[in-house]
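In what follows, a structure is listed as structure tokens, so that the remarks can point back to it.
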Amino acid sequence: MYEFVRGKGIHLYDRYNKPFIDLISGIAVNNIGHCNPEVTKAIKDQVDKYSHQMVYGEYIVQPQVQLAKNLAKNLPSNLQSFYFLNSGSEAIEGAMKVAKKYTGRSKIVAMRNAYHGSSSGSLSMMSNEYYSGPFKPLLPNIYFMDYNDLDSIEIIDERTAAVFIEPIQAEIGYLPATQEFLNALREKCDKTGTLLIFDEIQTGIGRTGKLFAFEHYNITPDILVSAKALGGGMPIGAFISSSKIMKSIEDKPILGHISTFGGHPVCCAAGNASLNYIEKYQLLDKVSEKEALFRKLLVHPKIKKTSGKGLMLSIELDNFDEVERTMKRCMEHGVIIDWFLYNTNCLRISPPLIISNSEIHKVCKTILRSLD
Ligand code: PMP
């Protein structure tokens, strides 16, 4: 088994100082690479000021305010209210509770083959019994529909509090939602008073070439959930909505959703520095060009299909044996690559957004060699 002792940019290094190109960003977390000096400085500066104080709303926690402002300037008017937590799963739990409280309804609709986290609430939205079965009973009143299937939409009705969807379904092998499907979902949610919740935990913070993937579709969710790359490598999660929706958890009961460490100041400072870095170096502008280069270079008789969007790509091989063999060979040649939870025929590519064109040439050569 490999052990990495340090990281720099797109590389992780083992104890013999052998560099490995990180093509998964652990997963979709290190969007600006490892040990970015501006993020490291922000962490150190914040630790020198204070690392923690009570975050239940009594005091102003400036790093949280800064991170919220930084995100808000890039988000539409109905996504200006922020609730910070510590992880993706926690943010999903929060979004689910808010949706129930705001609508006064309990039915939740999720997509088959989604992954929203491992806590009991988020796990309840996992359709695959192999993963959820041993932990039952989970939450009741969860219904599943098929991704990109217009006919399934009829399951959403006046009793539905929320629909959860990843705009690019990750663990099935980076499957993008169709425009038609998201339009129809938005329309049905509007008609039934259901909240449309986008899980952008993996797609967010620039991975698809926009800050959030919903921007590709010209529709807006009612609640947006972020985590992973949001903290620039530090643990944080958030759900974001209108203040009208967010206010529904303000009272009755008081402290209806709290977390001791939620929106930890050091993590917020890191997240802020990371957002500033993405903006300063205009990293989003270059994502589609890098995607095109990957797609152009990854041509091989064994590659059946390349899917995904931006720097969130999957390549489909014949079977898991091929996937496992290719992953092993890539590792031997210093490239870290991964597979997917529900689609074992595909290899996952989600490098730091800072990967250069010449580094893309290099890793694609290694992948093609490993396939031979
Ligand atoms: N949603 C999606 C789309 C994810 O990819 C993940 C993490 N893989 C989660 C939710 C859960 O996030 P966390 O592991 O931070 O709880």
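Each chain in the structure tokens gets a letter, A, B, ..., in the order shown, and its residues are numbered from 1; ligands are numbered from 1 in order too.
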
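The shell of residues at most 12 Å from Lys41 (chain A), with only C-alpha atoms counted and near chain neighbours (fewer than 6 positions) removed, consists of A:Cys35, A:Val47, A:Asp48, A:Val266, A:Ala269, A:Ala270, A:Gly271, A:Asn272, A:Ala273, A:Ser274.
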
Residues within 8 Å of region 299-306 of chain A, only C-alpha atoms, excluding chain neighbours under 4 positions, as a PDB file with N, CA, C and O atoms, in the first residue's frame:
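Output below, filename selection-v4.pdb:
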```
ATOM      1  N   ARG A 295      -9.970  14.772 -23.591  1.00  0.00           N
ATOM      2  CA  ARG A 295     -10.823  13.987 -24.499  1.00  0.00           C
ATOM      3  C   ARG A 295     -10.095  13.668 -25.810  1.00  0.00           C
ATOM      4  O   ARG A 295     -10.249  12.589 -26.372  1.00  0.00           O
ATOM      5  N   LEU A 313     -14.056  13.653 -15.277  1.00  0.00           N
ATOM      6  CA  LEU A 313     -14.204  12.789 -16.444  1.00  0.00           C
ATOM      7  C   LEU A 313     -14.114  11.314 -16.053  1.00  0.00           C
ATOM      8  O   LEU A 313     -13.439  10.957 -15.086  1.00  0.00           O
ATOM      9  N   SER A 314     -14.799  10.479 -16.838  1.00  0.00           N
ATOM     10  CA  SER A 314     -14.649   9.041 -16.612  1.00  0.00           C
ATOM     11  C   SER A 314     -14.370   8.384 -17.950  1.00  0.00           C
ATOM     12  O   SER A 314     -14.887   8.818 -18.984  1.00  0.00           O
ATOM     13  N   ILE A 315     -13.510   7.361 -17.912  1.00  0.00           N
ATOM     14  CA  ILE A 315     -13.293   6.598 -19.140  1.00  0.00           C
ATOM     15  C   ILE A 315     -13.749   5.170 -18.907  1.00  0.00           C
ATOM     16  O   ILE A 315     -13.421   4.551 -17.905  1.00  0.00           O
ATOM     17  N   GLU A 316     -14.547   4.730 -19.856  1.00  0.00           N
ATOM     18  CA  GLU A 316     -15.161   3.407 -19.699  1.00  0.00           C
ATOM     19  C   GLU A 316     -14.336   2.339 -20.404  1.00  0.00           C
ATOM     20  O   GLU A 316     -14.005   2.460 -21.581  1.00  0.00           O
ATOM     21  N   LEU A 317     -14.033   1.270 -19.653  1.00  0.00           N
ATOM     22  CA  LEU A 317     -13.308   0.123 -20.210  1.00  0.00           C
ATOM     23  C   LEU A 317     -14.273  -1.072 -20.262  1.00  0.00           C
ATOM     24  O   LEU A 317     -15.452  -0.926 -19.949  1.00  0.00           O
ATOM     25  N   ASP A 318     -13.742  -2.233 -20.614  1.00  0.00           N
ATOM     26  CA  ASP A 318     -14.609  -3.403 -20.784  1.00  0.00           C
ATOM     27  C   ASP A 318     -15.158  -3.952 -19.479  1.00  0.00           C
ATOM     28  O   ASP A 318     -16.316  -4.345 -19.395  1.00  0.00           O
ATOM     29  N   LEU A 368      -2.505   5.710 -21.386  1.00  0.00           N
ATOM     30  CA  LEU A 368      -2.558   4.912 -22.615  1.00  0.00           C
ATOM     31  C   LEU A 368      -1.562   3.756 -22.565  1.00  0.00           C
ATOM     32  O   LEU A 368      -1.863   2.632 -22.949  1.00  0.00           O
ATOM     33  N   LEU A 371      -2.840   1.024 -20.475  1.00  0.00           N
ATOM     34  CA  LEU A 371      -3.921   0.261 -21.099  1.00  0.00           C
ATOM     35  C   LEU A 371      -3.370  -0.792 -22.070  1.00  0.00           C
ATOM     36  O   LEU A 371      -4.008  -1.814 -22.319  1.00  0.00           O
TER      37      LEU A 371
END
```

Would you give me, as a CSV table (one decimal) with N, CA, C and O atoms, in the first residue's frame, the residues in region 75-221 of chain A that DSSP reads as strand (DSSP E or B)?
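Contents of result.csv, freshly written:
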```
chain,number,residue,atom,x,y,z
A,81,SER,N,-28.0,33.1,1.5
A,81,SER,CA,-28.0,32.8,2.9
A,81,SER,C,-27.3,31.5,3.2
A,81,SER,O,-27.6,30.5,2.5
A,82,PHE,N,-26.3,31.5,4.1
A,82,PHE,CA,-25.3,30.4,4.2
A,82,PHE,C,-25.4,29.7,5.5
A,82,PHE,O,-25.5,30.4,6.6
A,83,TYR,N,-25.3,28.4,5.5
A,83,TYR,CA,-25.2,27.7,6.8
A,83,TYR,C,-24.0,26.8,6.6
A,83,TYR,O,-24.0,25.8,5.8
A,84,PHE,N,-23.0,27.0,7.4
A,84,PHE,CA,-21.7,26.2,7.3
A,84,PHE,C,-21.7,25.1,8.3
A,84,PHE,O,-22.1,25.3,9.5
A,85,LEU,N,-21.3,23.9,7.8
A,85,LEU,CA,-21.1,22.8,8.7
A,85,LEU,C,-19.7,22.2,8.5
A,85,LEU,O,-18.8,22.9,8.0
A,107,LYS,N,-42.1,14.0,2.7
A,107,LYS,CA,-41.6,13.1,1.6
A,107,LYS,C,-40.4,13.7,0.9
A,107,LYS,O,-40.4,14.9,0.6
A,108,ILE,N,-39.4,12.8,0.7
A,108,ILE,CA,-38.2,13.3,0.0
A,108,ILE,C,-38.0,12.4,-1.2
A,108,ILE,O,-38.2,11.2,-1.2
A,109,VAL,N,-37.7,13.0,-2.3
A,109,VAL,CA,-37.4,12.2,-3.6
A,109,VAL,C,-35.9,12.3,-3.9
A,109,VAL,O,-35.3,13.4,-3.8
A,110,ALA,N,-35.3,11.2,-4.1
A,110,ALA,CA,-33.9,11.2,-4.5
A,110,ALA,C,-33.7,10.4,-5.8
A,110,ALA,O,-34.6,9.7,-6.2
A,111,MET,N,-32.6,10.5,-6.4
A,111,MET,CA,-32.3,9.8,-7.7
A,111,MET,C,-31.7,8.4,-7.4
A,111,MET,O,-30.8,8.3,-6.5
A,142,ILE,N,-38.8,8.1,1.9
A,142,ILE,CA,-37.8,8.5,0.8
A,142,ILE,C,-38.3,7.7,-0.4
A,142,ILE,O,-38.4,6.5,-0.4
A,143,TYR,N,-38.4,8.4,-1.5
A,143,TYR,CA,-38.8,7.7,-2.8
A,143,TYR,C,-37.7,8.0,-3.8
A,143,TYR,O,-37.0,9.0,-3.8
A,144,PHE,N,-37.6,7.0,-4.7
A,144,PHE,CA,-36.5,7.1,-5.7
A,144,PHE,C,-37.1,7.3,-7.1
A,144,PHE,O,-38.1,6.7,-7.5
A,145,MET,N,-36.4,8.1,-7.9
A,145,MET,CA,-36.7,8.2,-9.3
A,145,MET,C,-35.5,8.0,-10.2
A,145,MET,O,-34.4,8.0,-9.6
A,160,THR,N,-44.4,16.3,-1.4
A,160,THR,CA,-43.0,16.2,-1.5
A,160,THR,C,-42.3,17.5,-1.0
A,160,THR,O,-42.6,18.6,-1.5
A,161,ALA,N,-41.5,17.3,0.0
A,161,ALA,CA,-40.7,18.5,0.6
A,161,ALA,C,-39.6,18.9,-0.4
A,161,ALA,O,-39.4,20.1,-0.6
A,162,ALA,N,-38.8,17.9,-0.8
A,162,ALA,CA,-37.7,18.2,-1.6
A,162,ALA,C,-37.3,17.1,-2.6
A,162,ALA,O,-37.6,15.9,-2.3
A,163,VAL,N,-36.6,17.5,-3.7
A,163,VAL,CA,-36.0,16.6,-4.6
A,163,VAL,C,-34.5,16.8,-4.5
A,163,VAL,O,-34.0,18.0,-4.7
A,164,PHE,N,-33.7,15.8,-4.3
A,164,PHE,CA,-32.2,16.0,-4.2
A,164,PHE,C,-31.6,15.4,-5.5
A,164,PHE,O,-32.0,14.3,-6.0
A,165,ILE,N,-30.7,16.2,-6.1
A,165,ILE,CA,-30.1,15.7,-7.4
A,165,ILE,C,-28.7,16.3,-7.4
A,165,ILE,O,-28.4,17.4,-7.0
A,168,ILE,N,-24.3,16.5,-11.9
A,168,ILE,CA,-23.6,15.4,-12.6
A,168,ILE,C,-23.5,14.3,-11.6
A,168,ILE,O,-22.9,14.4,-10.6
A,169,GLN,N,-24.2,13.2,-12.0
A,169,GLN,CA,-24.3,12.1,-11.0
A,169,GLN,C,-22.9,11.4,-10.9
A,169,GLN,O,-22.4,10.9,-11.9
A,175,LEU,N,-22.1,11.1,-14.8
A,175,LEU,CA,-23.2,11.2,-15.8
A,175,LEU,C,-23.9,12.6,-15.6
A,175,LEU,O,-24.5,12.9,-14.6
A,176,PRO,N,-23.7,13.5,-16.6
A,176,PRO,CA,-24.4,14.8,-16.5
A,176,PRO,C,-25.9,14.7,-16.7
A,176,PRO,O,-26.4,13.9,-17.5
A,195,LEU,N,-39.1,21.8,-2.9
A,195,LEU,CA,-37.8,22.5,-3.0
A,195,LEU,C,-36.8,21.6,-3.9
A,195,LEU,O,-36.7,20.4,-3.7
A,196,LEU,N,-36.2,22.2,-4.8
A,196,LEU,CA,-35.2,21.5,-5.7
A,196,LEU,C,-33.8,21.7,-5.0
A,196,LEU,O,-33.3,22.9,-4.9
A,197,ILE,N,-33.2,20.7,-4.6
A,197,ILE,CA,-31.9,20.7,-3.9
A,197,ILE,C,-30.8,20.1,-4.8
A,197,ILE,O,-30.9,19.0,-5.2
A,198,PHE,N,-29.8,20.9,-5.1
A,198,PHE,CA,-28.7,20.5,-5.9
A,198,PHE,C,-27.5,20.1,-4.9
A,198,PHE,O,-27.1,20.9,-4.1
A,199,ASP,N,-27.1,18.8,-5.0
A,199,ASP,CA,-25.9,18.4,-4.3
A,199,ASP,C,-24.7,18.7,-5.2
A,199,ASP,O,-24.5,18.0,-6.1
```

Kindly provide, as a VMD selection string, all nucleotide and amino acid residues lying within 6 Å of ligand 1, counting only C-alpha atoms and all ligand atoms.
-> chain A and resid 87 to 89 115 to 117 199 201 to 202 228

Take the residues from that selection and write them out as a PDB file, in the first residue's frame, keeping all heavy atoms.
```pdb
ATOM      1  N   SER A  87     -18.947  18.938   6.896  1.00  0.00           N
ATOM      2  CA  SER A  87     -18.758  17.918   5.854  1.00  0.00           C
ATOM      3  C   SER A  87     -19.938  17.954   4.901  1.00  0.00           C
ATOM      4  O   SER A  87     -20.961  18.610   5.175  1.00  0.00           O
ATOM      5  CB  SER A  87     -18.684  16.524   6.488  1.00  0.00           C
ATOM      6  OG  SER A  87     -19.947  16.190   7.031  1.00  0.00           O
ATOM      7  N   GLY A  88     -19.799  17.181   3.829  1.00  0.00           N
ATOM      8  CA  GLY A  88     -20.881  17.087   2.862  1.00  0.00           C
ATOM      9  C   GLY A  88     -22.120  16.438   3.471  1.00  0.00           C
ATOM     10  O   GLY A  88     -23.239  16.949   3.327  1.00  0.00           O
ATOM     11  N   SER A  89     -21.918  15.317   4.145  1.00  0.00           N
ATOM     12  CA  SER A  89     -23.064  14.604   4.722  1.00  0.00           C
ATOM     13  C   SER A  89     -23.848  15.512   5.667  1.00  0.00           C
ATOM     14  O   SER A  89     -25.078  15.531   5.656  1.00  0.00           O
ATOM     15  CB  SER A  89     -22.597  13.382   5.524  1.00  0.00           C
ATOM     16  OG  SER A  89     -21.873  12.511   4.721  1.00  0.00           O
ATOM     17  N   TYR A 115     -25.208   9.416  -4.632  1.00  0.00           N
ATOM     18  CA  TYR A 115     -24.469   9.299  -3.370  1.00  0.00           C
ATOM     19  C   TYR A 115     -24.524  10.654  -2.688  1.00  0.00           C
ATOM     20  O   TYR A 115     -24.050  11.645  -3.234  1.00  0.00           O
ATOM     21  CB  TYR A 115     -23.005   8.877  -3.588  1.00  0.00           C
ATOM     22  CG  TYR A 115     -22.285   8.752  -2.257  1.00  0.00           C
ATOM     23  CD1 TYR A 115     -22.410   7.599  -1.482  1.00  0.00           C
ATOM     24  CD2 TYR A 115     -21.515   9.793  -1.750  1.00  0.00           C
ATOM     25  CE1 TYR A 115     -21.787   7.493  -0.249  1.00  0.00           C
ATOM     26  CE2 TYR A 115     -20.889   9.697  -0.508  1.00  0.00           C
ATOM     27  CZ  TYR A 115     -21.032   8.543   0.236  1.00  0.00           C
ATOM     28  OH  TYR A 115     -20.424   8.444   1.455  1.00  0.00           O
ATOM     29  N   HIS A 116     -25.120  10.697  -1.477  1.00  0.00           N
ATOM     30  CA  HIS A 116     -25.215  11.967  -0.764  1.00  0.00           C
ATOM     31  C   HIS A 116     -24.506  11.941   0.583  1.00  0.00           C
ATOM     32  O   HIS A 116     -24.571  12.921   1.322  1.00  0.00           O
ATOM     33  CB  HIS A 116     -26.687  12.349  -0.555  1.00  0.00           C
ATOM     34  CG  HIS A 116     -27.422  12.634  -1.826  1.00  0.00           C
ATOM     35  ND1 HIS A 116     -27.111  13.696  -2.657  1.00  0.00           N
ATOM     36  CD2 HIS A 116     -28.461  11.989  -2.428  1.00  0.00           C
ATOM     37  CE1 HIS A 116     -27.932  13.696  -3.699  1.00  0.00           C
ATOM     38  NE2 HIS A 116     -28.750  12.671  -3.589  1.00  0.00           N
ATOM     39  N   GLY A 117     -23.863  10.813   0.939  1.00  0.00           N
ATOM     40  CA  GLY A 117     -23.140  10.775   2.200  1.00  0.00           C
ATOM     41  C   GLY A 117     -23.419   9.512   2.981  1.00  0.00           C
ATOM     42  O   GLY A 117     -24.219   8.666   2.570  1.00  0.00           O
ATOM     43  N   ASP A 199     -27.105  18.838  -4.975  1.00  0.00           N
ATOM     44  CA  ASP A 199     -25.912  18.396  -4.257  1.00  0.00           C
ATOM     45  C   ASP A 199     -24.718  18.681  -5.172  1.00  0.00           C
ATOM     46  O   ASP A 199     -24.471  17.952  -6.137  1.00  0.00           O
ATOM     47  CB  ASP A 199     -26.033  16.894  -3.942  1.00  0.00           C
ATOM     48  CG  ASP A 199     -24.763  16.333  -3.292  1.00  0.00           C
ATOM     49  OD1 ASP A 199     -23.711  17.003  -3.349  1.00  0.00           O
ATOM     50  OD2 ASP A 199     -24.831  15.219  -2.745  1.00  0.00           O
ATOM     51  N   ILE A 201     -21.621  18.935  -4.024  1.00  0.00           N
ATOM     52  CA  ILE A 201     -20.475  18.648  -3.154  1.00  0.00           C
ATOM     53  C   ILE A 201     -19.257  18.270  -3.990  1.00  0.00           C
ATOM     54  O   ILE A 201     -18.135  18.680  -3.688  1.00  0.00           O
ATOM     55  CB  ILE A 201     -20.883  17.550  -2.138  1.00  0.00           C
ATOM     56  CG1 ILE A 201     -21.860  18.165  -1.130  1.00  0.00           C
ATOM     57  CG2 ILE A 201     -19.672  16.928  -1.460  1.00  0.00           C
ATOM     58  CD1 ILE A 201     -22.576  17.183  -0.239  1.00  0.00           C
ATOM     59  N   GLN A 202     -19.488  17.527  -5.052  1.00  0.00           N
ATOM     60  CA  GLN A 202     -18.375  17.117  -5.907  1.00  0.00           C
ATOM     61  C   GLN A 202     -18.212  18.024  -7.125  1.00  0.00           C
ATOM     62  O   GLN A 202     -17.101  18.249  -7.607  1.00  0.00           O
ATOM     63  CB  GLN A 202     -18.577  15.662  -6.343  1.00  0.00           C
ATOM     64  CG  GLN A 202     -17.276  14.992  -6.696  1.00  0.00           C
ATOM     65  CD  GLN A 202     -17.331  13.462  -6.726  1.00  0.00           C
ATOM     66  OE1 GLN A 202     -16.656  12.870  -7.540  1.00  0.00           O
ATOM     67  NE2 GLN A 202     -18.090  12.818  -5.876  1.00  0.00           N
ATOM     68  N   LYS A 228     -16.446  19.439   0.194  1.00  0.00           N
ATOM     69  CA  LYS A 228     -15.212  19.034  -0.484  1.00  0.00           C
ATOM     70  C   LYS A 228     -14.258  20.196  -0.767  1.00  0.00           C
ATOM     71  O   LYS A 228     -13.602  20.677   0.137  1.00  0.00           O
ATOM     72  CB  LYS A 228     -15.551  18.250  -1.757  1.00  0.00           C
ATOM     73  CG  LYS A 228     -16.036  16.827  -1.448  1.00  0.00           C
ATOM     74  CD  LYS A 228     -16.070  15.982  -2.684  1.00  0.00           C
ATOM     75  CE  LYS A 228     -16.553  14.568  -2.429  1.00  0.00           C
ATOM     76  NZ  LYS A 228     -15.537  13.638  -1.977  1.00  0.00           N
TER      77      LYS A 228
END
```

Taking the chain letters and numbering used in this document, name the residues of region 143-223 of chain A that DSSP puts in helix (DSSP H, G or I), as a list in words.
-> Leu150, Asp151, Ser152, Ile153, Glu154, Ile155, Gln179, Glu180, Phe181, Leu182, Asn183, Ala184, Leu185, Arg186, Glu187, Lys188, Cys189, Asp190, Lys191, Thr192, Ala213, Phe214, Glu215 and His216 of chain A

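Those residues that approach Gln66 (chain A) to within 10 Å, counting only C-alpha atoms, are Val61, Gln62, Pro63, Lys69, Asn70, Leu71, Ala72, Cys268, Ala269, Gly271 and Asn272 of chain A; same-chain residues fewer than 3 positions away are not listed.
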
If we count only C-alpha atoms, what is near Tyr13 (chain A) at a cut-off of 12 Å, once residues fewer than 2 positions away on the same chain are taken out, given as a compact mmCIF listing (two decimals) with C-alpha atoms, in the first residue's frame?
```txt
# COMPACT_ATOMS: atom_id res chain seq x y z
CA TYR A 2 1.23 3.49 -0.82
CA GLU A 3 1.90 6.18 1.74
CA PHE A 4 2.30 9.82 0.80
CA VAL A 5 4.28 12.03 3.11
CA ARG A 6 3.92 15.41 1.43
CA GLY A 7 2.22 17.19 -1.43
CA LYS A 8 2.94 20.15 -3.67
CA GLY A 9 0.76 21.40 -6.52
CA ILE A 10 -0.59 18.44 -8.48
CA HIS A 11 1.93 16.03 -6.91
CA ARG A 15 8.71 8.52 1.57
CA TYR A 16 11.37 7.89 -1.13
CA ASN A 17 10.46 11.25 -2.63
CA LYS A 18 8.91 9.63 -5.70
CA PRO A 19 6.36 12.06 -7.21
CA PHE A 20 2.86 10.92 -8.12
CA ILE A 21 0.51 13.06 -10.20
CA ASP A 22 -2.74 13.29 -8.27
CA HIS A 34 -1.68 20.49 -2.52
CA GLY A 334 3.37 7.65 -10.77
CA VAL A 335 -0.24 8.54 -11.62
CA ILE A 336 -3.00 8.29 -9.00
```

Can you pull out every residue within 8 Å of region 210-226 of chain A, counting only C-alpha atoms, but drop anything in the same chain fewer than 5 positions away, and send it as a CSV table (one decimal) with C-alpha atoms, in the first residue's frame?
```csv
chain,number,residue,atom,x,y,z
A,74,ASN,CA,-21.0,34.7,-7.5
A,76,PRO,CA,-28.0,34.4,-7.7
A,78,ASN,CA,-32.1,33.4,-4.1
A,79,LEU,CA,-28.8,31.8,-2.9
A,88,GLY,CA,-20.9,17.1,2.9
A,91,ALA,CA,-24.7,19.8,4.9
A,92,ILE,CA,-27.1,17.3,3.2
A,95,ALA,CA,-30.7,20.8,3.8
A,167,PRO,CA,-26.3,17.9,-11.6
A,168,ILE,CA,-23.6,15.4,-12.6
A,179,GLN,CA,-31.1,20.1,-19.8
A,182,LEU,CA,-33.5,19.6,-15.2
A,183,ASN,CA,-36.0,21.9,-16.8
A,186,ARG,CA,-37.6,22.7,-12.0
A,195,LEU,CA,-37.8,22.5,-3.0
A,196,LEU,CA,-35.2,21.5,-5.7
A,197,ILE,CA,-31.9,20.7,-3.9
A,198,PHE,CA,-28.7,20.5,-5.9
A,199,ASP,CA,-25.9,18.4,-4.3
A,200,GLU,CA,-22.9,20.2,-5.7
A,201,ILE,CA,-20.5,18.6,-3.2
A,202,GLN,CA,-18.4,17.1,-5.9
A,203,THR,CA,-19.3,19.4,-8.8
A,204,GLY,CA,-18.7,22.7,-7.0
A,205,ILE,CA,-15.9,25.1,-6.7
A,237,GLY,CA,-19.7,21.9,4.2
A,238,ALA,CA,-22.5,24.4,3.5
A,239,PHE,CA,-26.1,24.6,2.4
A,240,ILE,CA,-27.1,27.8,0.8
A,241,SER,CA,-30.6,29.1,0.1
A,242,SER,CA,-32.8,32.2,0.3
A,284,LEU,CA,-12.4,28.4,-14.3
```
